[in-house]
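Novice: Got a structure for you, target.cif, holding mmCIF, C-alpha atoms and all ligand atoms.
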data_target
loop_
_atom_site.label_atom_id
_atom_site.label_comp_id
_atom_site.auth_asym_id
_atom_site.auth_seq_id
_atom_site.Cartn_x
_atom_site.Cartn_y
_atom_site.Cartn_z
CA MET A 1 -43.51 -114.87 77.91
CA TYR A 2 -41.65 -118.14 77.28
CA ALA A 3 -42.66 -121.79 77.15
CA ARG A 4 -40.69 -123.89 79.66
CA ILE A 5 -40.51 -127.66 79.81
CA ILE A 6 -41.50 -128.57 83.37
CA GLY A 7 -41.93 -132.32 83.02
CA THR A 8 -41.22 -135.19 80.62
CA GLY A 9 -42.22 -138.83 80.26
CA ARG A 10 -41.87 -141.80 77.93
CA TYR A 11 -43.52 -145.14 77.48
CA LEU A 12 -42.33 -148.11 75.46
CA PRO A 13 -44.27 -151.27 74.72
CA GLU A 14 -42.89 -154.37 76.47
CA LYS A 15 -42.06 -156.54 73.48
CA VAL A 16 -38.42 -156.28 72.37
CA VAL A 17 -37.58 -157.31 68.79
CA THR A 18 -33.85 -157.79 68.25
CA ASN A 19 -31.93 -157.77 65.00
CA ALA A 20 -31.51 -161.53 65.46
CA ASP A 21 -35.33 -161.86 65.51
CA LEU A 22 -35.49 -160.02 62.17
CA GLU A 23 -32.90 -162.39 60.66
CA GLN A 24 -35.66 -165.01 60.92
CA LEU A 25 -38.07 -162.83 58.89
CA VAL A 26 -36.01 -161.32 56.05
CA ASP A 27 -32.61 -161.71 54.36
CA THR A 28 -30.67 -159.42 56.72
CA SER A 29 -28.06 -159.63 59.44
CA ASP A 30 -27.43 -158.09 62.84
CA ALA A 31 -24.08 -156.82 61.51
CA TRP A 32 -25.69 -155.04 58.50
CA ILE A 33 -28.36 -153.36 60.63
CA ARG A 34 -25.86 -152.22 63.28
CA ASP A 35 -23.30 -150.98 60.75
CA ARG A 36 -25.77 -149.08 58.56
CA THR A 37 -28.18 -147.73 61.18
CA GLY A 38 -26.84 -148.22 64.73
CA ILE A 39 -30.03 -150.07 65.67
CA ARG A 40 -29.74 -153.17 67.91
CA GLU A 41 -33.34 -153.63 68.99
CA ARG A 42 -36.72 -151.93 68.90
CA ARG A 43 -40.05 -152.22 70.78
CA VAL A 44 -43.24 -153.42 69.12
CA VAL A 45 -46.80 -152.94 70.37
CA ALA A 46 -48.86 -155.88 71.62
CA GLU A 47 -51.98 -157.10 69.82
CA GLY A 48 -54.72 -154.53 70.48
CA GLN A 49 -52.33 -151.90 71.90
CA THR A 50 -52.70 -148.52 70.16
CA THR A 51 -50.83 -145.26 69.70
CA GLY A 52 -53.29 -143.68 72.16
CA ASP A 53 -52.45 -146.31 74.79
CA LEU A 54 -48.74 -145.48 74.54
CA ALA A 55 -49.45 -141.72 74.48
CA GLU A 56 -51.65 -141.94 77.58
CA GLN A 57 -48.95 -143.69 79.62
CA ALA A 58 -46.20 -141.27 78.54
CA ALA A 59 -48.51 -138.34 79.35
CA ARG A 60 -49.32 -139.64 82.85
CA ILE A 61 -45.59 -139.89 83.62
CA ALA A 62 -44.92 -136.38 82.25
CA LEU A 63 -47.82 -134.88 84.24
CA GLU A 64 -46.54 -136.50 87.43
CA ASP A 65 -43.00 -135.32 86.69
CA ALA A 66 -44.33 -131.77 86.19
CA GLY A 67 -46.44 -131.89 89.34
CA VAL A 68 -49.38 -130.66 87.28
CA LYS A 69 -52.96 -131.86 87.68
CA PRO A 70 -54.65 -133.03 84.45
CA SER A 71 -57.33 -130.36 84.95
CA GLU A 72 -54.61 -127.67 84.79
CA ILE A 73 -53.74 -128.49 81.14
CA ASP A 74 -55.14 -125.92 78.68
CA LEU A 75 -54.20 -127.60 75.38
CA LEU A 76 -53.27 -131.10 74.20
CA ILE A 77 -51.32 -131.69 70.98
CA VAL A 78 -50.31 -135.13 69.76
CA GLY A 79 -47.74 -135.53 67.00
CA THR A 80 -48.51 -138.79 65.24
CA THR A 81 -48.72 -140.30 61.80
CA THR A 82 -50.23 -143.53 63.12
CA PRO A 83 -53.44 -142.37 64.87
CA ASP A 84 -55.76 -144.93 66.48
CA LEU A 85 -58.57 -143.87 64.14
CA VAL A 86 -59.05 -141.47 61.23
CA PHE A 87 -61.19 -139.55 63.69
CA PRO A 88 -61.70 -138.75 66.50
CA SER A 89 -58.08 -137.67 66.73
CA THR A 90 -55.80 -139.56 69.09
CA ALA A 91 -55.66 -136.37 71.19
CA CYS A 92 -59.45 -136.45 71.61
CA LEU A 93 -59.41 -140.18 72.39
CA ILE A 94 -56.97 -139.78 75.28
CA GLN A 95 -58.19 -136.40 76.56
CA GLN A 96 -60.96 -137.87 78.69
CA ARG A 97 -58.88 -140.87 79.78
CA LEU A 98 -56.32 -138.44 81.16
CA GLY A 99 -59.02 -136.32 82.83
CA LEU A 100 -58.01 -133.13 81.02
CA GLY A 101 -61.45 -131.55 80.86
CA GLU A 102 -62.59 -129.74 77.72
CA CYS A 103 -59.30 -128.19 76.60
CA GLY A 104 -58.49 -127.95 72.88
CA ALA A 105 -57.09 -131.24 71.62
CA PHE A 106 -55.77 -132.17 68.19
CA ASP A 107 -53.24 -134.29 66.29
CA VAL A 108 -50.45 -133.03 64.06
CA ASN A 109 -49.24 -135.20 61.19
CA ALA A 110 -45.71 -134.22 60.21
CA ALA A 111 -44.31 -137.78 60.22
CA CYS A 112 -40.98 -137.95 62.08
CA SER A 113 -41.03 -134.18 62.69
CA GLY A 114 -44.41 -134.44 64.47
CA PHE A 115 -43.13 -133.64 67.96
CA ILE A 116 -41.08 -130.65 66.78
CA TYR A 117 -44.14 -129.33 64.91
CA ALA A 118 -46.36 -129.90 67.99
CA LEU A 119 -43.78 -128.23 70.24
CA SER A 120 -43.63 -125.28 67.88
CA ILE A 121 -47.42 -124.85 67.91
CA ALA A 122 -47.55 -125.19 71.70
CA THR A 123 -44.84 -122.54 72.05
CA GLN A 124 -46.77 -120.06 69.88
CA PHE A 125 -49.92 -120.53 71.98
CA ILE A 126 -47.99 -119.94 75.22
CA GLU A 127 -46.02 -116.96 73.90
CA ALA A 128 -49.24 -115.36 72.67
CA GLY A 129 -50.63 -115.65 76.19
CA THR A 130 -53.57 -117.75 74.99
CA VAL A 131 -52.84 -120.70 77.28
CA LYS A 132 -50.66 -121.42 80.33
CA ARG A 133 -49.94 -125.13 80.13
CA VAL A 134 -49.73 -127.47 77.15
CA LEU A 135 -49.28 -131.23 77.08
CA VAL A 136 -47.26 -132.13 73.97
CA ILE A 137 -46.92 -135.76 72.94
CA GLY A 138 -45.16 -137.65 70.15
CA ALA A 139 -46.56 -141.17 69.83
CA GLU A 140 -46.36 -143.81 67.13
CA THR A 141 -47.08 -147.41 66.27
CA LEU A 142 -45.25 -147.43 62.96
CA THR A 143 -44.73 -151.19 63.12
CA ARG A 144 -48.47 -151.51 62.41
CA MET A 145 -47.89 -150.32 58.86
CA LEU A 146 -44.63 -152.04 58.00
CA ASP A 147 -44.29 -154.59 55.26
CA TRP A 148 -42.46 -157.28 57.27
CA SER A 149 -41.16 -158.85 54.05
CA ASP A 150 -39.39 -155.60 52.97
CA ARG A 151 -35.90 -155.64 54.52
CA SER A 152 -35.22 -152.06 53.40
CA THR A 153 -37.85 -150.72 55.84
CA CYS A 154 -38.90 -153.34 58.42
CA VAL A 155 -35.54 -153.29 60.22
CA LEU A 156 -35.67 -149.53 60.80
CA PHE A 157 -38.77 -148.71 62.83
CA GLY A 158 -40.14 -149.20 66.34
CA ASP A 159 -43.02 -148.06 68.57
CA GLY A 160 -43.17 -145.72 71.57
CA ALA A 161 -44.38 -142.44 73.01
CA GLY A 162 -42.77 -139.42 74.62
CA ALA A 163 -44.43 -136.43 76.30
CA ALA A 164 -43.56 -133.01 77.70
CA VAL A 165 -45.51 -130.50 79.77
CA LEU A 166 -44.86 -126.88 78.79
CA GLN A 167 -45.73 -123.97 81.08
CA ALA A 168 -45.73 -120.21 80.60
CA ASP A 169 -42.81 -118.55 82.39
CA SER A 170 -41.03 -115.21 82.35
CA GLU A 171 -37.70 -117.14 82.06
CA PRO A 172 -36.76 -119.12 78.93
CA GLY A 173 -37.60 -121.81 78.01
CA VAL A 174 -37.96 -122.51 74.38
CA LEU A 175 -35.81 -119.85 72.71
CA SER A 176 -37.03 -120.53 69.17
CA THR A 177 -38.64 -123.15 66.95
CA HIS A 178 -38.27 -123.55 63.20
CA ILE A 179 -40.47 -125.73 60.98
CA HIS A 180 -40.24 -126.41 57.25
CA ALA A 181 -41.69 -128.72 54.61
CA ASN A 182 -41.18 -129.58 50.96
CA GLY A 183 -43.63 -131.96 49.31
CA ALA A 184 -41.65 -132.21 46.09
CA HIS A 185 -40.13 -135.57 47.00
CA ALA A 186 -43.20 -137.27 48.44
CA ASP A 187 -42.27 -140.36 46.41
CA LEU A 188 -39.04 -140.90 48.37
CA LEU A 189 -40.77 -141.70 51.67
CA SER A 190 -44.47 -142.42 52.01
CA VAL A 191 -47.37 -144.69 52.82
CA GLU A 192 -49.19 -144.70 49.49
CA VAL A 193 -52.63 -145.27 50.98
CA GLY A 194 -55.03 -142.86 52.65
CA VAL A 195 -58.75 -142.40 53.11
CA SER A 196 -59.37 -140.73 49.75
CA ARG A 197 -56.69 -142.60 47.79
CA GLY A 198 -55.96 -146.29 47.39
CA PHE A 199 -57.76 -147.44 50.53
CA LEU A 200 -58.37 -151.23 50.73
CA ALA A 201 -56.98 -151.65 47.22
CA GLU A 202 -54.39 -154.10 48.50
CA PRO A 203 -53.99 -156.56 51.39
CA ARG A 204 -53.76 -154.92 54.87
CA GLY A 205 -55.51 -151.90 53.33
CA GLY A 206 -52.35 -151.31 51.32
CA LEU A 207 -50.53 -149.94 54.37
CA ALA A 208 -46.76 -150.13 53.94
CA VAL A 209 -43.98 -147.64 54.56
CA LYS A 210 -42.06 -147.24 51.30
CA MET A 211 -38.73 -145.51 51.28
CA LYS A 212 -35.85 -144.89 48.89
CA GLY A 213 -33.54 -144.93 51.90
CA ASN A 214 -30.34 -143.97 50.14
CA GLU A 215 -31.87 -140.82 48.62
CA VAL A 216 -33.68 -139.91 51.85
CA PHE A 217 -30.35 -140.26 53.68
CA LYS A 218 -28.66 -137.63 51.51
CA VAL A 219 -31.52 -135.13 51.79
CA ALA A 220 -31.74 -135.71 55.56
CA VAL A 221 -28.03 -135.02 56.20
CA ASN A 222 -28.08 -131.91 54.03
CA THR A 223 -31.36 -130.53 55.42
CA LEU A 224 -30.46 -131.11 59.07
CA GLY A 225 -27.18 -129.29 58.45
CA ARG A 226 -29.15 -126.28 57.21
CA ILE A 227 -31.75 -126.26 59.98
CA VAL A 228 -29.12 -126.23 62.75
CA ASP A 229 -27.41 -123.26 61.04
CA GLU A 230 -30.77 -121.46 60.75
CA THR A 231 -31.57 -122.05 64.42
CA LEU A 232 -28.19 -120.88 65.71
CA ALA A 233 -28.22 -117.78 63.46
CA PHE A 234 -31.73 -116.83 64.61
CA ASN A 235 -30.54 -116.87 68.24
CA ASN A 236 -27.19 -115.16 67.51
CA MET A 237 -25.49 -118.22 68.92
CA GLU A 238 -22.39 -120.16 67.89
CA LYS A 239 -21.93 -123.92 67.73
CA HIS A 240 -19.89 -123.91 70.94
CA ASP A 241 -22.81 -122.30 72.84
CA LEU A 242 -24.71 -125.58 72.55
CA ASP A 243 -24.48 -128.08 75.39
CA TRP A 244 -26.61 -130.88 73.93
CA LEU A 245 -27.92 -132.20 70.65
CA ILE A 246 -31.16 -134.19 70.88
CA PRO A 247 -31.65 -135.43 67.33
CA HIS A 248 -34.31 -137.46 65.61
CA GLN A 249 -33.27 -141.09 65.98
CA ALA A 250 -33.43 -142.56 62.46
CA ASN A 251 -29.85 -143.56 61.80
CA LEU A 252 -26.66 -143.23 63.84
CA ARG A 253 -24.73 -142.17 60.73
CA ILE A 254 -27.12 -139.24 60.15
CA ILE A 255 -26.84 -138.27 63.84
CA LYS A 256 -23.02 -138.35 63.66
CA ALA A 257 -23.04 -136.20 60.51
CA THR A 258 -25.11 -133.51 62.29
CA ALA A 259 -22.86 -133.70 65.36
CA ARG A 260 -19.78 -133.26 63.13
CA LYS A 261 -21.38 -130.25 61.50
CA LEU A 262 -21.84 -128.74 64.99
CA ASP A 263 -18.30 -129.73 66.13
CA MET A 264 -19.94 -131.64 68.97
CA SER A 265 -18.37 -134.75 70.47
CA MET A 266 -20.73 -137.71 70.67
CA ASP A 267 -20.80 -137.53 74.47
CA ARG A 268 -22.90 -134.34 74.07
CA VAL A 269 -25.35 -136.10 71.74
CA VAL A 270 -28.29 -138.09 73.06
CA VAL A 271 -28.53 -141.44 71.28
CA THR A 272 -31.40 -143.88 71.73
CA VAL A 273 -31.65 -145.29 68.21
CA ASP A 274 -29.75 -148.41 69.29
CA LYS A 275 -32.56 -149.37 71.70
CA HIS A 276 -35.62 -147.72 70.13
CA GLY A 277 -35.09 -147.83 66.36
CA ASN A 278 -36.83 -145.04 64.46
CA THR A 279 -40.03 -144.25 66.39
CA SER A 280 -40.96 -141.30 64.15
CA ALA A 281 -42.67 -138.51 66.13
CA ALA A 282 -41.92 -140.29 69.43
CA SER A 283 -38.16 -140.30 68.93
CA VAL A 284 -37.22 -136.77 70.03
CA PRO A 285 -39.42 -136.59 73.17
CA MET A 286 -38.28 -140.07 74.25
CA ALA A 287 -34.62 -139.08 73.76
CA LEU A 288 -35.29 -135.87 75.72
CA ASP A 289 -36.83 -137.84 78.57
CA VAL A 290 -33.97 -140.36 78.62
CA ALA A 291 -31.42 -137.53 78.80
CA VAL A 292 -33.25 -135.49 81.43
CA ARG A 293 -33.88 -138.49 83.70
CA SER A 294 -30.25 -139.64 83.45
CA GLY A 295 -29.33 -136.32 85.11
CA ARG A 296 -27.01 -135.41 82.24
CA ILE A 297 -28.97 -132.32 81.22
CA GLN A 298 -28.94 -129.63 83.86
CA ARG A 299 -31.22 -126.61 84.25
CA GLY A 300 -29.73 -123.75 82.21
CA ASP A 301 -28.14 -126.05 79.59
CA HIS A 302 -28.78 -125.19 75.95
CA MET A 303 -30.11 -128.06 73.86
CA LEU A 304 -30.90 -128.27 70.19
CA LEU A 305 -33.73 -130.60 69.18
CA GLU A 306 -34.09 -131.49 65.49
CA ALA A 307 -36.05 -133.85 63.27
CA PHE A 308 -36.49 -134.81 59.64
CA GLY A 309 -39.18 -137.03 58.14
CA GLY A 310 -41.77 -137.90 55.54
CA GLY A 311 -43.25 -134.98 53.63
CA PHE A 312 -40.47 -134.05 53.66
CA THR A 313 -40.85 -132.16 56.90
CA TRP A 314 -38.10 -130.91 59.17
CA GLY A 315 -37.68 -128.66 62.14
CA ALA A 316 -35.66 -127.66 65.16
CA ALA A 317 -36.07 -126.12 68.58
CA LEU A 318 -33.47 -124.36 70.69
CA ILE A 319 -34.23 -124.71 74.38
CA ARG A 320 -32.65 -123.42 77.55
CA TYR A 321 -33.57 -126.20 79.90
N1 LIG A 401 -30.22 -156.11 55.34
C1 LIG A 401 -29.24 -156.39 54.48
N2 LIG A 401 -29.05 -155.70 53.34
C2 LIG A 401 -29.88 -154.70 53.06
C3 LIG A 401 -30.94 -154.34 53.93
C4 LIG A 401 -31.09 -155.10 55.11
N3 LIG A 401 -32.06 -154.85 56.01
N4 LIG A 401 -31.61 -153.29 53.39
C5 LIG A 401 -31.00 -152.98 52.24
N5 LIG A 401 -29.95 -153.83 52.04
C6 LIG A 401 -29.00 -153.85 50.92
C7 LIG A 401 -29.53 -153.17 49.69
O1 LIG A 401 -30.32 -154.06 48.94
C8 LIG A 401 -28.25 -152.78 48.97
O2 LIG A 401 -27.75 -153.93 48.30
P1 LIG A 401 -27.00 -153.78 46.89
O3 LIG A 401 -25.78 -152.93 47.18
O4 LIG A 401 -26.69 -155.19 46.56
O5 LIG A 401 -27.98 -153.10 45.99
C9 LIG A 401 -27.28 -152.47 50.12
O6 LIG A 401 -27.85 -153.08 51.29
C10 LIG A 401 -27.09 -150.99 50.36
O7 LIG A 401 -28.37 -150.38 50.38
P2 LIG A 401 -28.55 -148.82 50.64
O8 LIG A 401 -29.99 -148.51 50.64
O9 LIG A 401 -27.64 -148.07 49.72
O10 LIG A 401 -27.94 -148.71 52.13
P3 LIG A 401 -27.70 -147.43 53.00
O11 LIG A 401 -26.31 -147.44 53.47
O12 LIG A 401 -28.22 -146.19 52.36
O13 LIG A 401 -28.61 -147.72 54.30
C11 LIG A 401 -30.74 -147.00 55.19
C12 LIG A 401 -30.02 -147.85 54.14
C13 LIG A 401 -32.23 -147.12 54.96
C14 LIG A 401 -30.37 -147.52 56.56
C15 LIG A 401 -30.29 -145.53 55.06
O14 LIG A 401 -30.31 -145.15 53.71
C16 LIG A 401 -31.12 -144.56 55.84
O15 LIG A 401 -31.06 -144.55 57.06
N6 LIG A 401 -31.87 -143.68 55.16
C17 LIG A 401 -32.55 -142.57 55.76
C18 LIG A 401 -33.58 -142.95 56.73
C19 LIG A 401 -34.20 -141.71 57.29
O16 LIG A 401 -33.53 -140.82 57.76
N7 LIG A 401 -35.47 -141.56 57.17
C20 LIG A 401 -36.06 -140.29 57.52
C21 LIG A 401 -36.87 -140.31 58.67
S1 LIG A 401 -38.08 -141.54 58.61
#
As structure tokens, what does this structure read like?
Specialist:
Amino acid sequence: MYARIIGTGRYLPEKVVTNADLEQLVDTSDAWIRDRTGIRERRVVAEGQTTGDLAEQAARIALEDAGVKPSEIDLLIVGTTTPDLVFPSTACLIQQRLGLGECGAFDVNAACSGFIYALSIATQFIEAGTVKRVLVIGAETLTRMLDWSDRSTCVLFGDGAGAAVLQADSEPGVLSTHIHANGAHADLLSVEVGVSRGFLAEPRGGLAVKMKGNEVFKVAVNTLGRIVDETLAFNNMEKHDLDWLIPHQANLRIIKATARKLDMSMDRVVVTVDKHGNTSAASVPMALDVAVRSGRIQRGDHMLLEAFGGGFTWGAALIRY
């Protein structure tokens, strides 16, 4: 039994923030941001708009695309590191709004790798025969916890949500998923405030993404190189067997390094970082949806999804579309 993607969707908040807008906030320039990251603009949630709101919209589009009724979903998993509330989980908050009935529903926090982790869990449930259809979402409002006076982080992130409906099928499908973590370098990329540590000790509850970007960059390039090797080896496949790379959208230079490692030309790589910025767990499913809807990815194509993020966490999925 395999898990097949039968529908995708994405939802972006309306407000566009350009690099020029950020020049008004911090000592930065459009040229620096484009050269170092590839980002031109990002979307930012409206006052009162939540991660769950974005997730719900992306999910509705994915369900319609799949031609699946909400009541036919057996499991809902939301990858997010910016939940609406501590609890109930964002999955529980949107379950009833989507009309899913009483299926299992939970969030996964693996930072930018959240969707890959959620996809991996969904795949195990389907392959075990426990459930038939899973709604998997990656949704984030990272801009809610940015320090808008810190130019080393505030230019990088954006908000959005992407969703996929997976269904049990005798044809592949997800060929394999691979997830990893290493908490040894938690200090390189974190929000240093949680419920049981540091809460309300500082203004805005102390929420602020802190990152030693340069060091994260090196680990990300190295780690993504290893995870693509691991994924190909597991499937007895060679680089040239891949049709598409759908990478986490943090930095165009990191994406190009992974593409080089795979000997893939950039026209086989899905890039959305220029328009979306780094949307954490939402980045891979939104890139998937963009690629599928553009008609570029055809049924039967092999695509490699990968992500790297806070934790550190990282993962990959090899999918025959
Ligand atoms: N505008 C202008 N200058 C900036 C800037 C900004 N927004 N942010 C940093 N700088 C400056 C730095 O202060 C530094 O100045 P100095 O040389 O005078 O000290 C210079 O630019 C270079 O900084 P550095 O951090 O070395 O740049 P970089 O080339 O590594 O790019 C990142 C920074 C954050 C874009 C990059 O390191 C990165 O993408 N890291 C990984 C992100 C990631 O993958 N995260 C994982 C998933 S969340």
Novice: Do a neighbour search on segment 133-138 of chain A at 6 Å with only C-alpha atoms, toss out local chain neighbours closer than 6 positions, and write the hits as a list in words.
Specialist: Ile73, Asp74, Leu75, Leu76, Ile77, Val78, Gly79, Phe115, Ala161, Gly162, Ala163, Ala164, Val165, Leu166, Gln167, Ala281 and Ala282 of chain A
Novice: Could you please determine the separation between atom CA of Asn222 of chain A and atom O14 of ligand LIG 401 (chain A) in Å, to one decimal place?
Specialist: 13.4 Å
Novice: At a cut-off of 7 Å and counting all atoms listed in the file, what residues surround ligand LIG 401 (chain A)? Please answer as a ChimeraX atom specification.
Specialist: /A:27-29,32-33,36-37,112,151-153,155,213-217,220,250-251,278,280,308-310
Novice: Which of these, A:Leu85, A:Val270, A:Ala259, A:Ile179, has the shortest distance to Ser294 of chain A once you count only C-alpha atoms?
Specialist: A:Val270
Novice: Report as a PyMOL selection string all protein, DNA and RNA residues lying within 10 Å of Ala316 of chain A, evaluated on only C-alpha atoms, omitting residues in the same chain fewer than 6 positions from it.
Specialist: chain A and resi 113+115-117+119-120+176-180+224+227-228+230-231+246-248+304-308
Novice: Give me a file of those residues, with C-alpha atoms, as a short mmCIF file (atom, residue, chain, number, x, y, z; two decimals), keeping the file's coordinate frame.
Specialist:
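out-v9.cif, freshly written:
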data_model
loop_
_atom_site.label_atom_id
_atom_site.label_comp_id
_atom_site.auth_asym_id
_atom_site.auth_seq_id
_atom_site.Cartn_x
_atom_site.Cartn_y
_atom_site.Cartn_z
CA SER A 113 -41.03 -134.18 62.69
CA PHE A 115 -43.13 -133.64 67.96
CA ILE A 116 -41.08 -130.65 66.78
CA TYR A 117 -44.14 -129.33 64.91
CA LEU A 119 -43.78 -128.23 70.24
CA SER A 120 -43.63 -125.28 67.88
CA SER A 176 -37.03 -120.53 69.17
CA THR A 177 -38.64 -123.15 66.95
CA HIS A 178 -38.27 -123.55 63.20
CA ILE A 179 -40.47 -125.73 60.98
CA HIS A 180 -40.24 -126.41 57.25
CA LEU A 224 -30.46 -131.11 59.07
CA ILE A 227 -31.75 -126.26 59.98
CA VAL A 228 -29.12 -126.23 62.75
CA GLU A 230 -30.77 -121.46 60.75
CA THR A 231 -31.57 -122.05 64.42
CA ILE A 246 -31.16 -134.19 70.88
CA PRO A 247 -31.65 -135.43 67.33
CA HIS A 248 -34.31 -137.46 65.61
CA LEU A 304 -30.90 -128.27 70.19
CA LEU A 305 -33.73 -130.60 69.18
CA GLU A 306 -34.09 -131.49 65.49
CA ALA A 307 -36.05 -133.85 63.27
CA PHE A 308 -36.49 -134.81 59.64
#
Novice: Hey, can you check how far atom CA of Ala181 of chain A sits from atom CA of Arg226 of chain A?
Specialist: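 These two atoms are separated by 13.0 Å.
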Novice: Find, counting all atoms listed in the file, the residue in A:Gln96, A:Thr223, A:Ser89, A:Thr82 that gets nearest to Ala111 of chain A.
Specialist: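 Selected residue with least distance to Ala111 of chain A: A:Thr82.
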Novice: Of the residues A:Asp229, A:Asp187, A:Asp159, A:Asp243, which is the one nearest to Met286 of chain A, using all atoms listed in the file?
Specialist: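 That would be A:Asp159, the residue with the smallest distance to Met286 of chain A.
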Novice: A:Leu98, A:Val26, A:Met211, A:Ala122: which is nearest Asp53 of chain A, counting all atoms listed in the file?
Specialist: A:Leu98
Novice: Smallest atom-to-atom distance to His185 of chain A: which of A:Gly206, A:Leu200, A:Lys212, A:Ala110, using only C-alpha atoms?
Specialist: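 Closest to His185 of chain A, using only C-alpha atoms: A:Lys212.
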Novice: Pick out the closest residue to Leu188 of chain A from this set: A:Leu232, A:Leu175, A:Ala3, A:Val219. Count only C-alpha atoms.
Specialist: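 With only C-alpha atoms as the atom set, the closest residue is A:Val219.
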Novice: Using Å and a single decimal, report how far atom CA of Thr81 of chain A sits from atom CA of Asp289 of chain A.
Specialist: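 Atom-to-atom, atom CA of Asp289 of chain A to atom CA of Thr81 of chain A, that is 20.7 Å.
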Novice: Specify the axis-aligned box that encloses all atoms of segment 42-55 of chain A listed in the file after padding of 6 Å on each side, stating its centre and edge lengths in Å to one decimal as AutoDock Vina command-line options.
Specialist:
--center_x -45.7 --center_y -149.4 --center_z 71.8 --size_x 30.0 --size_y 27.4 --size_z 17.9
Novice: May I have the residues within 12 Å of Val86 of chain A as an MDAnalysis selection string, using all atoms listed in the file and disregarding those fewer than 4 positions away in the same chain?
Specialist: chainID A and resid 80:82 90:93 107 109 194:196
Novice: Taking 5 positions as the minimum chain separation for residues in the same chain, which residues sit within 8 Å of Glu127 of chain A when counting all atoms listed in the file? Answer as a PyMOL selection string.
Specialist: chain A and resi 1-3+168
Novice: For a cut-off of 6 Å around (-30.3, -157.2, 66.4), file coordinates, pick out all residues using all atoms listed in the file and list them as a ChimeraX atom specification.
Specialist: /A:18-20,30,40-41
Novice: Quick one: residues within 9 Å of Val271 of chain A, only C-alpha atoms counted, chain neighbours fewer than 6 positions away excluded, as a PyMOL selection string?
Specialist: chain A and resi 246-247+249+252+255+287+291
